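Undergrad: The file below is upload-v2.pdb, PDB, C-alpha atoms and all ligand atoms:
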```pdb
MODEL        1
ATOM      1  CA  MET J   1      -5.507  32.068   4.772  1.00  0.00           C
ATOM      2  CA  LEU J   2      -4.239  28.570   5.190  1.00  0.00           C
ATOM      3  CA  VAL J   3      -6.612  27.303   2.529  1.00  0.00           C
ATOM      4  CA  ASN J   4      -5.335  29.869   0.054  1.00  0.00           C
ATOM      5  CA  GLU J   5      -1.782  28.893   0.713  1.00  0.00           C
ATOM      6  CA  ALA J   6      -2.601  25.256   0.167  1.00  0.00           C
ATOM      7  CA  LEU J   7      -4.342  26.118  -3.088  1.00  0.00           C
ATOM      8  CA  ILE J   8      -1.413  28.142  -4.343  1.00  0.00           C
ATOM      9  CA  ALA J   9       1.043  25.456  -3.333  1.00  0.00           C
ATOM     10  CA  GLY J  10      -1.276  22.872  -4.852  1.00  0.00           C
ATOM     11  CA  LYS J  11      -0.798  24.460  -8.251  1.00  0.00           C
ATOM     12  CA  GLY J  12       2.784  23.321  -8.192  1.00  0.00           C
ATOM     13  CA  ALA J  13       1.793  19.736  -7.429  1.00  0.00           C
ATOM     14  CA  ALA J  14      -1.410  17.867  -8.242  1.00  0.00           C
ATOM     15  CA  ARG J  15      -3.056  20.685 -10.175  1.00  0.00           C
ATOM     16  CA  GLY J  16       0.076  21.584 -12.057  1.00  0.00           C
ATOM     17  CA  ARG J  17       0.897  18.087 -13.160  1.00  0.00           C
ATOM     18  CA  SER J  18       0.721  17.616 -16.879  1.00  0.00           C
ATOM     19  CA  ALA J  19      -1.468  14.976 -18.462  1.00  0.00           C
ATOM     20  CA  GLU J  20       1.705  13.179 -19.415  1.00  0.00           C
ATOM     21  CA  GLU J  21       2.904  13.127 -15.822  1.00  0.00           C
ATOM     22  CA  LEU J  22      -0.479  11.929 -14.607  1.00  0.00           C
ATOM     23  CA  GLU J  23      -0.446   9.159 -17.171  1.00  0.00           C
ATOM     24  CA  GLN J  24       3.021   8.194 -15.967  1.00  0.00           C
ATOM     25  CA  ILE J  25       1.890   8.097 -12.356  1.00  0.00           C
ATOM     26  CA  ARG J  26      -1.176   6.092 -13.322  1.00  0.00           C
ATOM     27  CA  GLU J  27       1.048   3.601 -15.105  1.00  0.00           C
ATOM     28  CA  ILE J  28       3.359   3.284 -12.081  1.00  0.00           C
ATOM     29  CA  LEU J  29       0.442   2.748  -9.733  1.00  0.00           C
ATOM     30  CA  ARG J  30      -1.236   0.264 -12.020  1.00  0.00           C
ATOM     31  CA  SER J  31       1.846  -1.905 -12.439  1.00  0.00           C
ATOM     32  CA  ARG J  32       2.504  -1.658  -8.712  1.00  0.00           C
ATOM     33  CA  PHE J  33      -1.024  -2.810  -8.022  1.00  0.00           C
ATOM     34  CA  GLU J  34      -0.651  -5.707 -10.435  1.00  0.00           C
ATOM     35  CA  VAL J  35       2.619  -6.850  -8.872  1.00  0.00           C
ATOM     36  CA  LEU J  36       1.154  -6.659  -5.378  1.00  0.00           C
ATOM     37  CA  ASN J  37      -1.986  -8.410  -6.505  1.00  0.00           C
ATOM     38  CA  ALA J  38       0.001 -11.265  -8.026  1.00  0.00           C
ATOM     39  CA  GLU J  39       2.147 -11.560  -4.901  1.00  0.00           C
ATOM     40  CA  TYR J  40      -0.953 -11.539  -2.756  1.00  0.00           C
ATOM     41  CA  GLU J  41      -2.658 -14.272  -4.761  1.00  0.00           C
ATOM     42  CA  GLU J  42       0.525 -16.314  -4.626  1.00  0.00           C
ATOM     43  CA  ALA J  43       0.826 -15.902  -0.865  1.00  0.00           C
ATOM     44  CA  LEU J  44      -2.800 -16.918  -0.453  1.00  0.00           C
ATOM     45  CA  ALA J  45      -2.302 -20.064  -2.531  1.00  0.00           C
ATOM     46  CA  GLU J  46       0.883 -20.833  -0.621  1.00  0.00           C
ATOM     47  CA  ASN J  47      -0.905 -20.408   2.678  1.00  0.00           C
ATOM     48  CA  HIS J  48      -3.720 -22.630   1.513  1.00  0.00           C
ATOM     49  CA  LYS J  49      -1.253 -25.365   0.574  1.00  0.00           C
ATOM     50  CA  LEU J  50       0.410 -25.027   3.965  1.00  0.00           C
ATOM     51  CA  ARG J  51      -2.901 -25.562   5.692  1.00  0.00           C
ATOM     52  CA  LEU J  52      -3.754 -28.601   3.596  1.00  0.00           C
ATOM     53  CA  VAL J  53      -0.406 -30.172   4.430  1.00  0.00           C
ATOM     54  CA  GLU J  54      -0.978 -29.344   8.057  1.00  0.00           C
ATOM     55  CA  ILE J  55      -4.370 -31.005   8.169  1.00  0.00           C
ATOM     56  CA  GLY J  56      -2.909 -34.061   6.457  1.00  0.00           C
ATOM     57  CA  ASP J  57       0.028 -34.221   8.890  1.00  0.00           C
ATOM     58  CA  ALA J  58      -1.736 -33.283  12.084  1.00  0.00           C
ATOM     59  CA  ALA J  59      -2.261 -36.849  13.276  1.00  0.00           C
ATOM     60  CA  GLY J  60       1.431 -37.749  13.575  1.00  0.00           C
ATOM     61  CA  ASP J  61       2.753 -34.425  14.896  1.00  0.00           C
ATOM     62  CA  ASP J  62       5.164 -34.126  17.759  1.00  0.00           C
ATOM     63  CA  GLN J  63       5.519 -30.900  19.745  1.00  0.00           C
ATOM     64  CA  ALA J  64       8.521 -29.424  17.904  1.00  0.00           C
ATOM     65  CA  ASP J  65       6.947 -30.007  14.520  1.00  0.00           C
ATOM     66  CA  SER J  66       3.750 -28.247  15.297  1.00  0.00           C
ATOM     67  CA  GLY J  67       5.736 -25.363  16.807  1.00  0.00           C
ATOM     68  CA  SER J  68       7.647 -24.693  13.616  1.00  0.00           C
ATOM     69  CA  LYS J  69       4.469 -25.023  11.614  1.00  0.00           C
ATOM     70  CA  THR J  70       2.798 -22.405  13.739  1.00  0.00           C
ATOM     71  CA  ALA J  71       5.729 -20.062  13.102  1.00  0.00           C
ATOM     72  CA  GLU J  72       5.522 -20.766   9.394  1.00  0.00           C
ATOM     73  CA  ARG J  73       1.823 -20.080   9.389  1.00  0.00           C
ATOM     74  CA  ASP J  74       2.258 -16.851  11.338  1.00  0.00           C
ATOM     75  CA  ALA J  75       4.871 -15.659   8.876  1.00  0.00           C
ATOM     76  CA  ALA J  76       2.592 -16.539   5.978  1.00  0.00           C
ATOM     77  CA  SER J  77      -0.385 -14.690   7.379  1.00  0.00           C
ATOM     78  CA  SER J  78       1.595 -11.597   8.287  1.00  0.00           C
ATOM     79  CA  LEU J  79       2.965 -11.558   4.735  1.00  0.00           C
ATOM     80  CA  ILE J  80      -0.579 -11.795   3.409  1.00  0.00           C
ATOM     81  CA  ARG J  81      -1.670  -8.965   5.660  1.00  0.00           C
ATOM     82  CA  ALA J  82       1.253  -6.776   4.579  1.00  0.00           C
ATOM     83  CA  LEU J  83       0.608  -7.446   0.896  1.00  0.00           C
ATOM     84  CA  LEU J  84      -3.083  -6.763   1.264  1.00  0.00           C
ATOM     85  CA  ASP J  85      -2.249  -3.537   3.032  1.00  0.00           C
ATOM     86  CA  ARG J  86       0.053  -2.360   0.278  1.00  0.00           C
ATOM     87  CA  ARG J  87      -2.370  -3.450  -2.399  1.00  0.00           C
ATOM     88  CA  THR J  88      -5.163  -1.469  -0.753  1.00  0.00           C
ATOM     89  CA  GLN J  89      -2.833   1.520  -0.552  1.00  0.00           C
ATOM     90  CA  ALA J  90      -2.031   1.357  -4.256  1.00  0.00           C
ATOM     91  CA  GLU J  91      -5.726   0.995  -5.010  1.00  0.00           C
ATOM     92  CA  HIS J  92      -6.466   3.987  -2.825  1.00  0.00           C
ATOM     93  CA  ALA J  93      -3.813   6.048  -4.596  1.00  0.00           C
ATOM     94  CA  MET J  94      -5.292   5.157  -7.986  1.00  0.00           C
ATOM     95  CA  GLN J  95      -8.698   6.230  -6.744  1.00  0.00           C
ATOM     96  CA  ARG J  96      -7.262   9.543  -5.559  1.00  0.00           C
ATOM     97  CA  LEU J  97      -5.587  10.022  -8.919  1.00  0.00           C
ATOM     98  CA  GLU J  98      -8.994   9.684 -10.593  1.00  0.00           C
ATOM     99  CA  ASP J  99     -10.561  12.038  -8.053  1.00  0.00           C
ATOM    100  CA  GLY J 100      -7.856  14.611  -8.665  1.00  0.00           C
ATOM    101  CA  THR J 101      -6.759  14.573  -5.036  1.00  0.00           C
ATOM    102  CA  TYR J 102      -3.663  12.471  -5.649  1.00  0.00           C
ATOM    103  CA  GLY J 103      -0.432  14.027  -4.494  1.00  0.00           C
ATOM    104  CA  ASN J 104      -2.030  16.087  -1.756  1.00  0.00           C
ATOM    105  CA  CYS J 105      -1.669  15.037   1.857  1.00  0.00           C
ATOM    106  CA  GLU J 106      -4.770  13.518   3.425  1.00  0.00           C
ATOM    107  CA  GLY J 107      -3.759  15.032   6.722  1.00  0.00           C
ATOM    108  CA  CYS J 108      -2.900  18.661   5.958  1.00  0.00           C
ATOM    109  CA  ALA J 109      -3.970  18.889   2.272  1.00  0.00           C
ATOM    110  CA  LYS J 110      -0.574  20.273   1.293  1.00  0.00           C
ATOM    111  CA  PRO J 111       1.073  18.845  -1.795  1.00  0.00           C
ATOM    112  CA  ILE J 112       3.279  15.863  -1.096  1.00  0.00           C
ATOM    113  CA  PRO J 113       6.799  16.522  -2.413  1.00  0.00           C
ATOM    114  CA  VAL J 114       7.341  14.905  -5.790  1.00  0.00           C
ATOM    115  CA  GLU J 115      10.528  13.278  -4.477  1.00  0.00           C
ATOM    116  CA  ARG J 116       8.457  11.427  -1.900  1.00  0.00           C
ATOM    117  CA  LEU J 117       5.923  10.302  -4.503  1.00  0.00           C
ATOM    118  CA  ALA J 118       8.730   9.051  -6.700  1.00  0.00           C
ATOM    119  CA  VAL J 119       9.883   6.735  -3.912  1.00  0.00           C
ATOM    120  CA  PHE J 120       6.433   5.915  -2.515  1.00  0.00           C
ATOM    121  CA  PRO J 121       3.942   6.305  -5.370  1.00  0.00           C
ATOM    122  CA  SER J 122       1.049   5.293  -3.149  1.00  0.00           C
ATOM    123  CA  ALA J 123       1.880   7.717  -0.339  1.00  0.00           C
ATOM    124  CA  THR J 124      -1.251   9.605   0.676  1.00  0.00           C
ATOM    125  CA  SER J 125       0.249  11.777   3.392  1.00  0.00           C
ATOM    126  CA  CYS J 126       3.342  13.903   3.783  1.00  0.00           C
ATOM    127  CA  VAL J 127       6.239  12.815   5.968  1.00  0.00           C
ATOM    128  CA  ALA J 128       5.223  15.115   8.823  1.00  0.00           C
ATOM    129  CA  CYS J 129       1.630  13.863   8.973  1.00  0.00           C
ATOM    130  CA  LYS J 130       2.692  10.274   8.590  1.00  0.00           C
ATOM    131  CA  SER J 131       5.143  10.409  11.458  1.00  0.00           C
ATOM    132  CA  ASN J 132       2.609  12.304  13.561  1.00  0.00           C
ATOM    133  CA  ARG J 133       0.102   9.551  13.002  1.00  0.00           C
ATOM    134  CA  GLU J 134       2.641   6.838  13.751  1.00  0.00           C
ATOM    135  CA  ARG J 135       3.674   8.561  16.947  1.00  0.00           C
ATOM    136  CA  ARG J 136       0.055   8.695  18.036  1.00  0.00           C
ATOM    137  CA  ALA J 137      -0.515   5.075  17.091  1.00  0.00           C
ATOM    138  CA  GLY J 138       2.649   3.925  18.854  1.00  0.00           C
TER     139      GLY J 138
HETATM  140 ZN    ZN W   1       0.511  16.433   5.735  1.00  0.00          ZN
ENDMDL
END
```
Now, as a test, write the supplied structure out as structure tokens.
TA:
Amino acid sequence: MLVNEALIAGKGAARGRSAEELEQIREILRSRFEVLNAEYEEALAENHKLRLVEIGDAAGDDQADSGSKTAERDAASSLIRALLDRRTQAEHAMQRLEDGTYGNCEGCAKPIPVERLAVFPSATSCVACKSNRERRAG
């Protein structure tokens, strides 16, 4: 029963999307991936520079200096992690688009509302499943 409902509903979303729409989505995801990739590479290079400076400076450090450097480094690596995360998500969404599963929730298999995809093109679950998962994780 539930499967049938999902299939019928699916016709309005992933299955019912025109080739033009799919091409549009693909374009959005691709440019998103490229932006994230560039930002990621930049953050990596930045982080690398930071480390080189740190190694060079380490000899003459006082306590306060090394404290602020640690904070800077932490911020840099959490940025890198966040970018990598988002890049992987965009990649994943592109993969799902090729598989024909894009636009359907990974949790409940129902179509993700188009309005949500417009805001979060790489969303792979509906709002309900996402908040369920976050509640469990938190
Ligand atoms: Zn769901």
Undergrad: List as number ranges by chain the protein and nucleic acid residues near range 20-26 of chain J, meaning an atom at most 9 Å away when all atoms listed in the file are counted, but skip any in the same chain fewer than 2 places from it.
TA: J: 14, 17-18, 28-31, 94, 97, 118, 121
Undergrad: If the limit is 8 Å from any atom of ligand ZN 1 (chain W), counting all atoms listed in the file, which residues qualify? Return them as a PyMOL selection string.
TA: chain J and resi 104-112+125-130
Undergrad: Just so the selection is clear, what residues does the PyMOL selection byres (((chain J and resi 37-50) around 8) and not hetatm) cover here, as a list in words?
TA: Phe33, Glu34, Val35, Leu36, Arg51, Leu52, Val53, Glu54, Arg73, Ala76, Ser77, Leu79, Ile80, Leu83, Leu84 and Arg87 of chain J
Undergrad: Between J:Ser78, J:Gly103, J:Lys69, J:Glu27, which one has atoms that come closest to Asp57 in chain J, using only C-alpha atoms?
TA: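 Looking only at the distances to Asp57 in chain J, the closest residue turns out to be J:Lys69.
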Undergrad: By how many Å are CA of Arg32 in chain J and CA of Ala75 in chain J apart?
TA: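 These atoms are spaced 22.6 Å apart.
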Undergrad: CA of Glu134 in chain J and CA of Phe120 in chain J are how many Å apart?
TA: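 Going from CA of Glu134 in chain J over to CA of Phe120 in chain J, I get 16.7 Å.
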Undergrad: Please indicate the distance in Å from CA of Ala19 in chain J to CA of Glu98 in chain J, rounded to one decimal place.
TA: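 These two atoms are separated by 12.1 Å.
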